[in-house]
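Student: This is the structure I want to talk about, given as structure tokens.
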2 protein chains.
Amino acid sequence: MKSFVQYESDCHFPIQNLPYGIFSTKANSQKRVGVAIGDLVLDLALMEKEGLLNSNHFSKSSLNSFMAAGRNSWSTSRKEIQNLLLDTTATLRDNADLRKHALVAISDVTMHLPAEIGDYTDFYSSRQHATNVGTMFRDPDNALLPNWLHIPVGYHGRSSSVVISGTPIHRPNGQTVPGDSETPVFGPCKLMDFELEMGYFVGPGNEFGKPVSIEDANEHLFGLVLVNDWSARDIQKWEYVPLGPFLAKNLGTSISPWVVPMAALEEFRIANPEQSPAPLPYLKSSEKWTYDIQLEVALTTPDLQKPAVISHSNFKYMYWNMAQQLTHHTITGCNLQPGDLLASGTISGETPGSYGSMLELSWKGTKPVELPNGEQRKFLKDGDTVIMTGWAQGDGYRIGFGETTGELLPALNL
Amino acid sequence: MKSFVQYESDCHFPIQNLPYGIFSTKANSQKRVGVAIGDLVLDLALMEKEGLLNSNHFSKSSLNSFMAAGRNSWSTSRKEIQNLLLDTTATLRDNADLRKHALVAISDVTMHLPAEIGDYTDFYSSRQHATNVGTMFRDPDNALLPNWLHIPVGYHGRSSSVVISGTPIHRPNGQTVPGDSETPVFGPCKLMDFELEMGYFVGPGNEFGKPVSIEDANEHLFGLVLVNDWSARDIQKWEYVPLGPFLAKNLGTSISPWVVPMAALEEFRIANPEQSPAPLPYLKSSEKWTYDIQLEVALTTPDLQKPAVISHSNFKYMYWNMAQQLTHHTITGCNLQPGDLLASGTISGETPGSYGSMLELSWKGTKPVELPNGEQRKFLKDGDTVIMTGWAQGDGYRIGFGETTGELLPALNL
């Protein structure tokens with residue numbers, strides 16, 4: 001499949017991808033839906049207006065309406081959009097004036113949150129990550145808690161503070177307990193961290209009180225983004241027992257702007273990891289729900305402008321998959337809604353270079369991460385920018401996720 | 001202060017109260033804002049349309065726009081509405097035709113969620129409740145966890161499953177671990193419970209990254225409702241370590257439909273409980289943030305139609321108050337938004353008859369609660385209806401909250 005739009009083979013946005021995002025331009029500040037293709041954005045609102053798409057979702061300021069429309073609509077729209085961009089389709093290819101308005105340089109657009117996120121849930125589904133955390137903070141011989149192999153453990157996050165890639169994050173102030181003291185002090189977080197995650201948007205929701213069976217999970221999955229779940233480790237440590245992380249996480253969660261549809265990832269499904277003990281029947285599925293998506297975390301610092309990759313991970317390092325997470329989420333009757341965001345939890349592979357957080361990469365600060373210019377990092381410093389990227393490698397093309405980036409600003413002086 | 005609308009002195013909705021809610025009627029299915037007065041609802045959308053109110057918030061299907069407008073707008077509207085209902089104001093009193101359309105019997109309206117709740121947060125701020133839980137499940141000599149006296153401990157709840165009073169709740173299915181086993185089974189929850197709470201709606205929000213100081217907290221508090229935080233204790237026990245309660249709570253949270261504005265509760269502010277150790281400076285306030293609001297929980301069962309009161313509590317039994325909770329919530333930079341719901345956590349007084357959950361009232365099932373017809377309850381049974389109510393007792397009138405009710409239906413056969 002080829003587009004009349006030109007791009008290199010390592011481009012994140014070939015015609016096989018067509019991720020959806022919400023954008024605006026200087027010329028038109030209206031938020032609307034576009035797809036990324038090469039270095040361009042195709043304005044789907046304009047395509048709809050011109051009668052070139054049989055849909056009514058793309059002049060909206062969020063993807064929620066399209067997400068709610070369901071798989072048949074997604075499939076129809078994807079075919080129509082793909083067709084418009086094919087090198088064999090004349091409509092746009094041979095209409096310079098329409099192309100000029102419809103295809104905007106990606107460098108000229110402002111990206112916005114792709115959805116109004118009603119609720120945000122974060123799981124904890126990488127076995128290596130859970131094992132690393134358990135080893136560092138609890139008992140290396142019993143690193144996994146008793147429930148971990150039975151439940152896709154997760155918790156409710158904060159949806160209001162999910163922000164778009166590029167949004168700077170202030171180092172938070174809060175309560176921390178120095179050393180072995182039991183008396184907290186107030187001040188800037190000292191152990192500021194990122195978490196490399198992927199997140200998926202819910203398409204059609206389910207009715208309150210009516211769980212989604214694992215066989216039906218794919219009807220509810222719209223697409224994927226990169227997620228940086230910023231974490232204040234010292235604040236987290238003091239606050240999280242017994243009700244879980246709260247202020248250590250709701251200071252901001254960054255997501256990439258382009259939502260890669262499930263359809264674009266179909267060929268990257270691989271066998272699931274073996275689960276032993278076997279999960280309870282409601283969590284069992286014979287489908288391949290594991291995806292081979294390469295992930296990287298890079299840092300820049302005030303003294304290091306060229307991003308230094310500090311972690312190579314992969315979405316395939318998940319023990320609990322998206323279908324299990326989604327089904328589990330609804331099993332007691334919780335209603336999911338279009339635009340809800342469910343995230344994987346930190347994705348860590350088996351080797352230290354594939355860990356998805358500074359906490360793990362520096363092993364609680366005991367093994368500082370070396371940067372190419374000689375700088376070291378145990379946790380993040382003010383002025384550091386965290387850059388996450390990911391792609392699935394196809395035959396001659398990449399299904400890419402672009403980036404989620406965020407700079408850590410100094411703490412406010414409260 | 002007297003209204004031309006007639007009601008008894010124990011009525012929940014005198015002219016001193018004027019709580020806001022979202023209602024519709026058979027004749028007009030449009031959701032809109034009303035205030036309760038006596039046994040009637042005043043249609044504020046109609047009042048606006050008739051030019052009798054200087055506002056533009058009340059024909060909307062949620063209170064979010066009014067909540068966002070802030071204290072000056074709230075004060076202006078309250079005065080205008082109160083004035084329209086005074087027995088000395090002729091506008092409505094002497095216009096039978098207008099009254100007929102503007103004042104609807106409360107028994108004839110359908111109530112809806114008062115706000116689009118972006119995020120729901122639940123705290124854990126009653127000392128007796130935290131002590132009871134710690135005593136039962138951990139260590140009676142160290143019932144409170146080390147952070148509890150320093151932090152208004154809280155967690156993110158699920159906003160999509162906050163439902164309006166009257167919505168039935170299915171007993172959830174889920175994973176529980178029988179006895180001392182470490183292997184979970186799947187099936188209906190056996191330890192179904194309620195939690196007596198109060199919740200407050202956020203008015204104007206704060207900017208992402210900019211905490212709210214405790215001095216400014218009152219600018220962000222719109223009003224209060226009753227909250228039943230349904231809880232599946234056996235599911236909770238198995239899932240909650242280390243990330244907190246998840247499916248045990250997101251099966252449904254019921255709220256009362258009428259939001260009592262802070263202004264109606266002004267005279268019921270009383271001295272705060274002493275806090276020792278002293279909270280960190282960002283949580284210190286010299287204002288009275290404790291409210292004397294009597295609370296009751298009653299049950300009906302298939303064999304007991306007359307509600308039997310099983311708990312007498314009071315909102316004054318809070319250790320951490322609303323201003324502390326709200327300020328703490330934002331201290332790491334989390335942005336609150338108009339319509340967010342923050343709840344108190346279970347409110348338990350010092351005596352067993354004032355405990356706010358079956359878990360505490362039956363002391364983990366060891367002291368069954370006796371009902372007037374001889375029935376006993378350790379936890380809730382299918383067909384039980386939980387009725388929560390509350391009011392502040394003024395001189396000759398009550399500022400009431402109405403009720404939040406919900407029937408527990410049998411589990412679905414999954």
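Ligands are numbered from 1 in the order shown, chains are lettered A, B, ... in the order of the structure tokens, and residues start at 1 in each chain.
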Residues within 9 Å of Cys334 of chain A, please, as a list of chain:residue names. Count only C-alpha atoms; anything in the same chain fewer than 3 positions from it doesn't count.
Tutor: A:Asn206, A:Glu207, A:Phe208, A:Gly209, A:Lys210, A:Pro211, A:His329, A:Thr330, A:Ile331, B:Arg158, B:Ser160, B:Ser161, B:Leu247, B:Lys249, B:Asn250, B:Leu251, B:Gly252
Student: Write to file, as a short mmCIF file (atom, residue, chain, number, x, y, z; two decimals), in the first residue's frame, the residues of the selection just made, with all heavy atoms.
Tutor:
```
data_model
loop_
_atom_site.label_atom_id
_atom_site.label_comp_id
_atom_site.auth_asym_id
_atom_site.auth_seq_id
_atom_site.Cartn_x
_atom_site.Cartn_y
_atom_site.Cartn_z
N ASN A 206 -19.97 0.30 28.45
CA ASN A 206 -20.93 -0.72 28.87
C ASN A 206 -21.88 -0.11 29.88
O ASN A 206 -21.56 0.87 30.56
CB ASN A 206 -20.21 -1.94 29.48
CG ASN A 206 -19.40 -1.59 30.71
OD1 ASN A 206 -18.50 -0.75 30.64
ND2 ASN A 206 -19.71 -2.20 31.84
N GLU A 207 -23.05 -0.71 29.96
CA GLU A 207 -24.09 -0.21 30.85
C GLU A 207 -23.68 -0.44 32.30
O GLU A 207 -23.09 -1.48 32.63
CB GLU A 207 -25.37 -0.99 30.54
CG GLU A 207 -26.66 -0.28 30.89
CD GLU A 207 -27.85 -1.19 30.58
OE1 GLU A 207 -27.82 -1.84 29.51
OE2 GLU A 207 -28.75 -1.27 31.40
N PHE A 208 -24.03 0.51 33.17
CA PHE A 208 -23.81 0.37 34.61
C PHE A 208 -24.41 -0.96 35.09
O PHE A 208 -25.57 -1.25 34.81
CB PHE A 208 -24.47 1.55 35.32
CG PHE A 208 -24.40 1.49 36.82
CD1 PHE A 208 -23.20 1.67 37.47
CD2 PHE A 208 -25.54 1.26 37.58
CE1 PHE A 208 -23.13 1.63 38.86
CE2 PHE A 208 -25.49 1.21 38.96
CZ PHE A 208 -24.28 1.39 39.60
N GLY A 209 -23.61 -1.76 35.77
CA GLY A 209 -24.09 -3.02 36.31
C GLY A 209 -23.95 -4.21 35.38
O GLY A 209 -24.24 -5.33 35.78
N LYS A 210 -23.50 -3.99 34.13
CA LYS A 210 -23.41 -5.07 33.13
C LYS A 210 -21.96 -5.27 32.69
O LYS A 210 -21.47 -4.57 31.80
CB LYS A 210 -24.26 -4.71 31.90
CG LYS A 210 -25.74 -4.51 32.19
CD LYS A 210 -26.50 -5.83 32.22
CE LYS A 210 -27.92 -5.67 32.75
NZ LYS A 210 -28.77 -4.84 31.90
N PRO A 211 -21.28 -6.27 33.25
CA PRO A 211 -19.87 -6.51 32.91
C PRO A 211 -19.67 -6.84 31.44
O PRO A 211 -20.59 -7.34 30.76
CB PRO A 211 -19.50 -7.71 33.78
CG PRO A 211 -20.47 -7.70 34.91
CD PRO A 211 -21.74 -7.17 34.32
N HIS A 329 -12.04 -4.81 34.91
CA HIS A 329 -12.49 -3.49 35.34
C HIS A 329 -14.00 -3.43 35.50
O HIS A 329 -14.54 -2.68 36.33
CB HIS A 329 -12.04 -2.46 34.31
CG HIS A 329 -11.96 -1.04 34.81
ND1 HIS A 329 -12.94 -0.45 35.57
CD2 HIS A 329 -11.02 -0.09 34.65
CE1 HIS A 329 -12.61 0.80 35.85
NE2 HIS A 329 -11.44 1.04 35.31
N THR A 330 -14.70 -4.21 34.68
CA THR A 330 -16.17 -4.11 34.65
C THR A 330 -16.85 -5.23 35.45
O THR A 330 -18.09 -5.23 35.54
CB THR A 330 -16.71 -4.20 33.20
OG1 THR A 330 -16.43 -5.53 32.69
CG2 THR A 330 -16.05 -3.17 32.30
N ILE A 331 -16.08 -6.15 36.01
CA ILE A 331 -16.68 -7.39 36.51
C ILE A 331 -17.62 -7.15 37.69
O ILE A 331 -18.59 -7.89 37.87
CB ILE A 331 -15.59 -8.44 36.85
CG1 ILE A 331 -16.21 -9.82 37.04
CG2 ILE A 331 -14.76 -8.04 38.05
CD1 ILE A 331 -16.84 -10.39 35.80
N ARG B 158 -14.20 6.31 41.29
CA ARG B 158 -14.67 6.18 39.91
C ARG B 158 -15.85 7.12 39.70
O ARG B 158 -16.90 6.96 40.35
CB ARG B 158 -15.11 4.74 39.65
CG ARG B 158 -15.69 4.49 38.29
CD ARG B 158 -14.63 4.27 37.23
NE ARG B 158 -15.20 4.32 35.90
CZ ARG B 158 -14.49 4.22 34.78
NH1 ARG B 158 -13.17 4.08 34.83
NH2 ARG B 158 -15.07 4.29 33.62
N SER B 160 -17.66 7.60 36.83
CA SER B 160 -18.74 7.13 35.95
C SER B 160 -19.81 6.37 36.71
O SER B 160 -20.97 6.34 36.30
CB SER B 160 -18.20 6.25 34.83
OG SER B 160 -17.84 4.96 35.30
N SER B 161 -19.43 5.74 37.82
CA SER B 161 -20.40 4.92 38.54
C SER B 161 -20.99 5.63 39.76
O SER B 161 -21.57 4.99 40.63
CB SER B 161 -19.80 3.56 38.92
OG SER B 161 -18.61 3.71 39.64
N LEU B 247 -12.27 -2.42 42.41
CA LEU B 247 -13.58 -2.97 42.01
C LEU B 247 -14.54 -3.07 43.18
O LEU B 247 -15.76 -3.15 42.98
CB LEU B 247 -13.40 -4.36 41.40
CG LEU B 247 -12.45 -4.47 40.21
CD1 LEU B 247 -12.56 -5.86 39.60
CD2 LEU B 247 -12.75 -3.42 39.16
N LYS B 249 -15.32 -0.85 45.06
CA LYS B 249 -15.97 0.45 45.23
C LYS B 249 -16.61 0.97 43.95
O LYS B 249 -17.58 1.73 44.00
CB LYS B 249 -14.93 1.48 45.70
CG LYS B 249 -14.24 1.14 47.01
CD LYS B 249 -15.11 1.48 48.19
CE LYS B 249 -14.30 1.36 49.48
NZ LYS B 249 -15.06 1.89 50.63
N ASN B 250 -16.05 0.60 42.79
CA ASN B 250 -16.55 1.22 41.56
C ASN B 250 -17.81 0.55 41.03
O ASN B 250 -18.29 0.86 39.94
CB ASN B 250 -15.45 1.31 40.49
CG ASN B 250 -15.02 -0.03 39.94
OD1 ASN B 250 -15.72 -1.02 40.09
ND2 ASN B 250 -13.88 -0.07 39.28
N LEU B 251 -18.39 -0.34 41.82
CA LEU B 251 -19.67 -0.96 41.48
C LEU B 251 -20.83 0.01 41.66
O LEU B 251 -21.95 -0.28 41.23
CB LEU B 251 -19.87 -2.20 42.35
CG LEU B 251 -19.81 -1.93 43.86
CD1 LEU B 251 -21.20 -1.82 44.45
CD2 LEU B 251 -19.04 -3.04 44.54
N GLY B 252 -20.58 1.17 42.26
CA GLY B 252 -21.65 2.15 42.43
C GLY B 252 -21.46 3.00 43.67
O GLY B 252 -21.06 2.49 44.72
#
```
Student: With 8 Å as the cut-off and only C-alpha atoms counted, what is the closest atom pair between each nearby residue of chain B and chain A? Distances in Å to one decimal, ordered by chain and number, as CSV.
Tutor:
```
residue,atom,partner,partner_atom,distance
B:Gly118,CA,A:Gly118,CA,5.9
B:Asp119,CA,A:Ser159,CA,6.6
B:Leu145,CA,A:Val241,CA,7.9
B:Pro146,CA,A:Glu182,CA,6.9
B:Asn147,CA,A:Glu239,CA,6.7
B:His150,CA,A:Pro184,CA,7.5
B:Ile151,CA,A:Glu239,CA,7.5
B:Val153,CA,A:Glu239,CA,7.1
B:Gly154,CA,A:Leu243,CA,6.7
B:Tyr155,CA,A:Phe246,CA,5.5
B:His156,CA,A:His156,CA,5.4
B:Gly157,CA,A:His156,CA,5.9
B:Arg158,CA,A:His156,CA,6.5
B:Ser159,CA,A:Asp119,CA,6.6
B:Ser160,CA,A:Asn335,CA,6.4
B:Ser161,CA,A:Cys334,CA,6.1
B:Ile169,CA,A:Gly209,CA,7.3
B:His170,CA,A:Gly209,CA,6.5
B:Pro172,CA,A:Thr332,CA,4.5
B:Asn173,CA,A:Thr332,CA,5.3
B:Gly174,CA,A:Thr332,CA,6.0
B:Glu182,CA,A:Pro146,CA,6.9
B:Pro184,CA,A:His150,CA,7.5
B:Val185,CA,A:Leu280,CA,7.7
B:Phe186,CA,A:Leu280,CA,7.2
B:Phe208,CA,A:Ser161,CA,6.9
B:Gly209,CA,A:His170,CA,6.5
B:Trp238,CA,A:Asn147,CA,6.7
B:Glu239,CA,A:Asn147,CA,6.7
B:Tyr240,CA,A:Leu243,CA,7.3
B:Val241,CA,A:Pro242,CA,7.3
B:Pro242,CA,A:Gly244,CA,6.2
B:Leu243,CA,A:Gly244,CA,4.0
B:Gly244,CA,A:Leu243,CA,4.0
B:Pro245,CA,A:Leu243,CA,6.4
B:Phe246,CA,A:Tyr155,CA,5.5
B:Leu247,CA,A:Thr332,CA,6.0
B:Ala248,CA,A:Thr332,CA,7.4
B:Asn250,CA,A:Cys334,CA,5.5
B:Leu251,CA,A:Cys334,CA,4.9
B:Gly252,CA,A:Cys334,CA,7.1
B:Leu280,CA,A:Phe186,CA,7.2
B:His329,CA,A:Leu247,CA,6.8
B:Thr330,CA,A:Leu247,CA,7.9
B:Ile331,CA,A:Gly174,CA,6.3
B:Thr332,CA,A:Pro172,CA,4.6
B:Gly333,CA,A:Leu251,CA,5.0
B:Cys334,CA,A:Leu251,CA,4.9
B:Asn335,CA,A:Ser161,CA,6.3
B:Leu336,CA,A:Ser160,CA,7.2
B:Gln337,CA,A:Ser160,CA,7.5
```
Student: List the neighbours of Ile310 of chain A out to 10 Å using only C-alpha atoms; skip same-chain residues closer than 6 positions along the sequence, and give me the result as an NGL selection string.
Tutor: :A and (296-299 or 353-358 or 361 or 369-371)
Student: Enter the distance from atom CA of Thr25 of chain B to atom CA of Leu42 of chain B, in Å, rounded to one decimal.
Tutor: 12.2 Å
Student: Can you tell me, as an MDAnalysis selection string, which residues in segment 94-163 of chain A count as helix (DSSP H, G or I) by DSSP?
Tutor: chainID A and resid 96:102 106:108 127:137 140:142
Student: Filtering to N, CA, C and O atoms, could you give me those residues as a JSON list (two decimals), in the first residue's frame?
Tutor:
```json
[["chain", "number", "residue", "atom", "x", "y", "z"],
["A", 96, "ALA", "N", -4.62, 20.30, -6.30],
["A", 96, "ALA", "CA", -3.62, 21.07, -5.54],
["A", 96, "ALA", "C", -4.29, 22.02, -4.55],
["A", 96, "ALA", "O", -3.81, 22.18, -3.42],
["A", 97, "ASP", "N", -5.38, 22.61, -4.94],
["A", 97, "ASP", "CA", -6.04, 23.57, -4.06],
["A", 97, "ASP", "C", -6.62, 22.87, -2.83],
["A", 97, "ASP", "O", -6.43, 23.32, -1.70],
["A", 98, "LEU", "N", -7.29, 21.76, -3.04],
["A", 98, "LEU", "CA", -7.85, 21.00, -1.92],
["A", 98, "LEU", "C", -6.73, 20.48, -1.01],
["A", 98, "LEU", "O", -6.81, 20.57, 0.22],
["A", 99, "ARG", "N", -5.66, 19.96, -1.65],
["A", 99, "ARG", "CA", -4.52, 19.45, -0.87],
["A", 99, "ARG", "C", -3.95, 20.54, 0.03],
["A", 99, "ARG", "O", -3.63, 20.31, 1.18],
["A", 100, "LYS", "N", -3.86, 21.75, -0.52],
["A", 100, "LYS", "CA", -3.27, 22.88, 0.22],
["A", 100, "LYS", "C", -4.04, 23.13, 1.52],
["A", 100, "LYS", "O", -3.47, 23.44, 2.56],
["A", 101, "HIS", "N", -5.35, 22.98, 1.45],
["A", 101, "HIS", "CA", -6.16, 23.21, 2.65],
["A", 101, "HIS", "C", -6.28, 21.97, 3.53],
["A", 101, "HIS", "O", -6.40, 22.08, 4.74],
["A", 102, "ALA", "N", -6.24, 20.81, 2.90],
["A", 102, "ALA", "CA", -6.55, 19.58, 3.64],
["A", 102, "ALA", "C", -5.33, 18.98, 4.33],
["A", 102, "ALA", "O", -5.46, 18.31, 5.34],
["A", 106, "ILE", "N", 2.74, 18.93, 9.90],
["A", 106, "ILE", "CA", 2.58, 18.51, 11.30],
["A", 106, "ILE", "C", 3.30, 19.48, 12.23],
["A", 106, "ILE", "O", 2.90, 19.68, 13.38],
["A", 107, "SER", "N", 4.33, 20.14, 11.71],
["A", 107, "SER", "CA", 5.08, 21.11, 12.53],
["A", 107, "SER", "C", 4.29, 22.40, 12.73],
["A", 107, "SER", "O", 4.64, 23.20, 13.59],
["A", 108, "ASP", "N", 3.23, 22.58, 11.98],
["A", 108, "ASP", "CA", 2.44, 23.82, 12.10],
["A", 108, "ASP", "C", 1.17, 23.65, 12.92],
["A", 108, "ASP", "O", 0.42, 24.62, 13.08],
["A", 127, "ARG", "N", 5.04, -7.92, 34.94],
["A", 127, "ARG", "CA", 5.52, -8.77, 36.03],
["A", 127, "ARG", "C", 6.89, -8.33, 36.52],
["A", 127, "ARG", "O", 7.17, -8.32, 37.72],
["A", 128, "GLN", "N", 7.76, -7.94, 35.55],
["A", 128, "GLN", "CA", 9.11, -7.54, 35.96],
["A", 128, "GLN", "C", 9.05, -6.26, 36.81],
["A", 128, "GLN", "O", 9.76, -6.13, 37.80],
["A", 129, "HIS", "N", 8.19, -5.34, 36.41],
["A", 129, "HIS", "CA", 8.06, -4.10, 37.19],
["A", 129, "HIS", "C", 7.57, -4.40, 38.61],
["A", 129, "HIS", "O", 8.14, -3.92, 39.59],
["A", 130, "ALA", "N", 6.52, -5.20, 38.71],
["A", 130, "ALA", "CA", 5.98, -5.53, 40.04],
["A", 130, "ALA", "C", 7.03, -6.28, 40.86],
["A", 130, "ALA", "O", 7.15, -6.07, 42.08],
["A", 131, "THR", "N", 7.79, -7.13, 40.18],
["A", 131, "THR", "CA", 8.83, -7.89, 40.87],
["A", 131, "THR", "C", 9.95, -6.95, 41.35],
["A", 131, "THR", "O", 10.43, -7.05, 42.49],
["A", 132, "ASN", "N", 10.34, -6.02, 40.48],
["A", 132, "ASN", "CA", 11.39, -5.06, 40.87],
["A", 132, "ASN", "C", 10.96, -4.24, 42.08],
["A", 132, "ASN", "O", 11.71, -4.07, 43.04],
["A", 133, "VAL", "N", 9.75, -3.72, 42.04],
["A", 133, "VAL", "CA", 9.25, -2.89, 43.14],
["A", 133, "VAL", "C", 9.18, -3.72, 44.42],
["A", 133, "VAL", "O", 9.61, -3.27, 45.49],
["A", 134, "GLY", "N", 8.65, -4.93, 44.31],
["A", 134, "GLY", "CA", 8.54, -5.80, 45.48],
["A", 134, "GLY", "C", 9.91, -6.17, 46.04],
["A", 134, "GLY", "O", 10.08, -6.26, 47.26],
["A", 135, "THR", "N", 10.87, -6.36, 45.16],
["A", 135, "THR", "CA", 12.22, -6.70, 45.59],
["A", 135, "THR", "C", 12.87, -5.54, 46.34],
["A", 135, "THR", "O", 13.48, -5.70, 47.39],
["A", 136, "MET", "N", 12.69, -4.35, 45.79],
["A", 136, "MET", "CA", 13.32, -3.18, 46.41],
["A", 136, "MET", "C", 12.67, -2.79, 47.73],
["A", 136, "MET", "O", 13.35, -2.41, 48.67],
["A", 137, "PHE", "N", 11.34, -2.85, 47.79],
["A", 137, "PHE", "CA", 10.65, -2.27, 48.95],
["A", 137, "PHE", "C", 10.12, -3.29, 49.94],
["A", 137, "PHE", "O", 9.77, -2.94, 51.06],
["A", 140, "PRO", "N", 12.64, -9.69, 48.64],
["A", 140, "PRO", "CA", 13.09, -10.25, 47.36],
["A", 140, "PRO", "C", 12.60, -11.69, 47.15],
["A", 140, "PRO", "O", 12.38, -12.11, 46.01],
["A", 141, "ASP", "N", 12.42, -12.43, 48.23],
["A", 141, "ASP", "CA", 11.99, -13.82, 48.08],
["A", 141, "ASP", "C", 10.49, -13.94, 47.82],
["A", 141, "ASP", "O", 10.01, -14.98, 47.37],
["A", 142, "ASN", "N", 9.75, -12.91, 48.17],
["A", 142, "ASN", "CA", 8.31, -12.89, 47.90],
["A", 142, "ASN", "C", 7.95, -11.55, 47.27],
["A", 142, "ASN", "O", 7.10, -10.81, 47.78]]
```
Student: Have a look at A:Trp289, A:Phe222, A:Phe379, A:Tyr200 and name the one nearest to Leu342 of chain A; count only C-alpha atoms.
Tutor: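 For Leu342 of chain A, the nearest of the candidates is A:Tyr200.
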Student: DSSP on the backbone: what in segment 110-142 of chain B comes out strand (DSSP E), as JSON, numbers by chain?
Tutor: {"B": [110, 111, 112, 120, 121, 122, 123]}
Student: Those residues with all heavy atoms, as a JSON list (two decimals), in the first residue's frame please?
Tutor:
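Written output follows (result_27.json):
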```json
[["chain", "number", "residue", "atom", "x", "y", "z"],
["B", 110, "THR", "N", -38.61, 13.80, 38.25],
["B", 110, "THR", "CA", -37.53, 12.82, 38.22],
["B", 110, "THR", "C", -36.24, 13.58, 38.45],
["B", 110, "THR", "O", -35.97, 14.59, 37.78],
["B", 110, "THR", "CB", -37.47, 12.14, 36.84],
["B", 110, "THR", "OG1", -38.72, 11.50, 36.60],
["B", 110, "THR", "CG2", -36.35, 11.10, 36.79],
["B", 111, "MET", "N", -35.46, 13.09, 39.42],
["B", 111, "MET", "CA", -34.20, 13.77, 39.72],
["B", 111, "MET", "C", -33.06, 13.07, 38.98],
["B", 111, "MET", "O", -33.07, 11.86, 38.79],
["B", 111, "MET", "CB", -33.94, 13.75, 41.23],
["B", 111, "MET", "CG", -34.97, 14.49, 42.06],
["B", 111, "MET", "SD", -35.19, 16.24, 41.58],
["B", 111, "MET", "CE", -33.56, 16.92, 41.96],
["B", 112, "HIS", "N", -32.07, 13.87, 38.58],
["B", 112, "HIS", "CA", -30.90, 13.37, 37.86],
["B", 112, "HIS", "C", -29.63, 13.78, 38.61],
["B", 112, "HIS", "O", -29.69, 14.58, 39.53],
["B", 112, "HIS", "CB", -30.89, 13.94, 36.45],
["B", 112, "HIS", "CG", -32.19, 13.73, 35.71],
["B", 112, "HIS", "ND1", -32.47, 12.56, 35.04],
["B", 112, "HIS", "CD2", -33.29, 14.52, 35.59],
["B", 112, "HIS", "CE1", -33.68, 12.64, 34.51],
["B", 112, "HIS", "NE2", -34.21, 13.82, 34.83],
["B", 120, "TYR", "N", -14.00, 11.96, 40.87],
["B", 120, "TYR", "CA", -14.56, 11.70, 42.20],
["B", 120, "TYR", "C", -13.42, 11.22, 43.10],
["B", 120, "TYR", "O", -12.68, 10.31, 42.74],
["B", 120, "TYR", "CB", -15.66, 10.65, 42.09],
["B", 120, "TYR", "CG", -16.03, 9.97, 43.38],
["B", 120, "TYR", "CD1", -16.35, 10.71, 44.52],
["B", 120, "TYR", "CD2", -16.06, 8.57, 43.47],
["B", 120, "TYR", "CE1", -16.69, 10.07, 45.71],
["B", 120, "TYR", "CE2", -16.40, 7.93, 44.65],
["B", 120, "TYR", "CZ", -16.71, 8.68, 45.76],
["B", 120, "TYR", "OH", -17.04, 8.05, 46.94],
["B", 121, "THR", "N", -13.29, 11.86, 44.23],
["B", 121, "THR", "CA", -12.25, 11.51, 45.19],
["B", 121, "THR", "C", -12.89, 11.14, 46.52],
["B", 121, "THR", "O", -13.84, 11.79, 46.93],
["B", 121, "THR", "CB", -11.30, 12.71, 45.43],
["B", 121, "THR", "OG1", -10.70, 13.06, 44.18],
["B", 121, "THR", "CG2", -10.21, 12.37, 46.44],
["B", 122, "ASP", "N", -12.38, 10.12, 47.15],
["B", 122, "ASP", "CA", -12.93, 9.74, 48.44],
["B", 122, "ASP", "C", -11.84, 9.80, 49.50],
["B", 122, "ASP", "O", -10.75, 9.26, 49.31],
["B", 122, "ASP", "CB", -13.51, 8.32, 48.36],
["B", 122, "ASP", "CG", -14.51, 8.05, 49.47],
["B", 122, "ASP", "OD1", -14.91, 9.01, 50.16],
["B", 122, "ASP", "OD2", -14.87, 6.88, 49.65],
["B", 123, "PHE", "N", -12.13, 10.49, 50.60],
["B", 123, "PHE", "CA", -11.17, 10.57, 51.70],
["B", 123, "PHE", "C", -11.49, 9.51, 52.75],
["B", 123, "PHE", "O", -12.33, 8.61, 52.53],
["B", 123, "PHE", "CB", -11.17, 12.00, 52.27],
["B", 123, "PHE", "CG", -10.49, 12.97, 51.35],
["B", 123, "PHE", "CD1", -11.20, 13.65, 50.38],
["B", 123, "PHE", "CD2", -9.12, 13.18, 51.42],
["B", 123, "PHE", "CE1", -10.57, 14.51, 49.49],
["B", 123, "PHE", "CE2", -8.47, 14.04, 50.55],
["B", 123, "PHE", "CZ", -9.21, 14.71, 49.58]]
```
Student: Give me, as JSON, numbers by chain, all polymer residues having an atom no more than 9 Å from Ala69 of chain A, counting only C-alpha atoms and skipping those fewer than 2 positions away in the same chain.
Tutor: {"A": [57, 64, 65, 66, 67, 71, 72, 73, 74, 203, 204, 338]}
Student: Using Å and a single decimal, report how far atom CA of Ala143 of chain B sits from atom CA of Lys378 of chain B.
Tutor: 22.2 Å
Student: For a test of reading the model, state the distance in Å between atom CA of Thr346 of chain B and atom CA of Phe268 of chain B, rounded to one decimal.
Tutor: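 Atom CA of Phe268 of chain B lies at a distance of 20.4 Å from atom CA of Thr346 of chain B.
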Student: Could you pull the residues within 9 Å of Lys60 of chain B, counting only C-alpha atoms, minus those fewer than 5 positions along the same chain, as an NGL selection string?
Tutor: :B and (22 or 30-33 or 45 or 65)
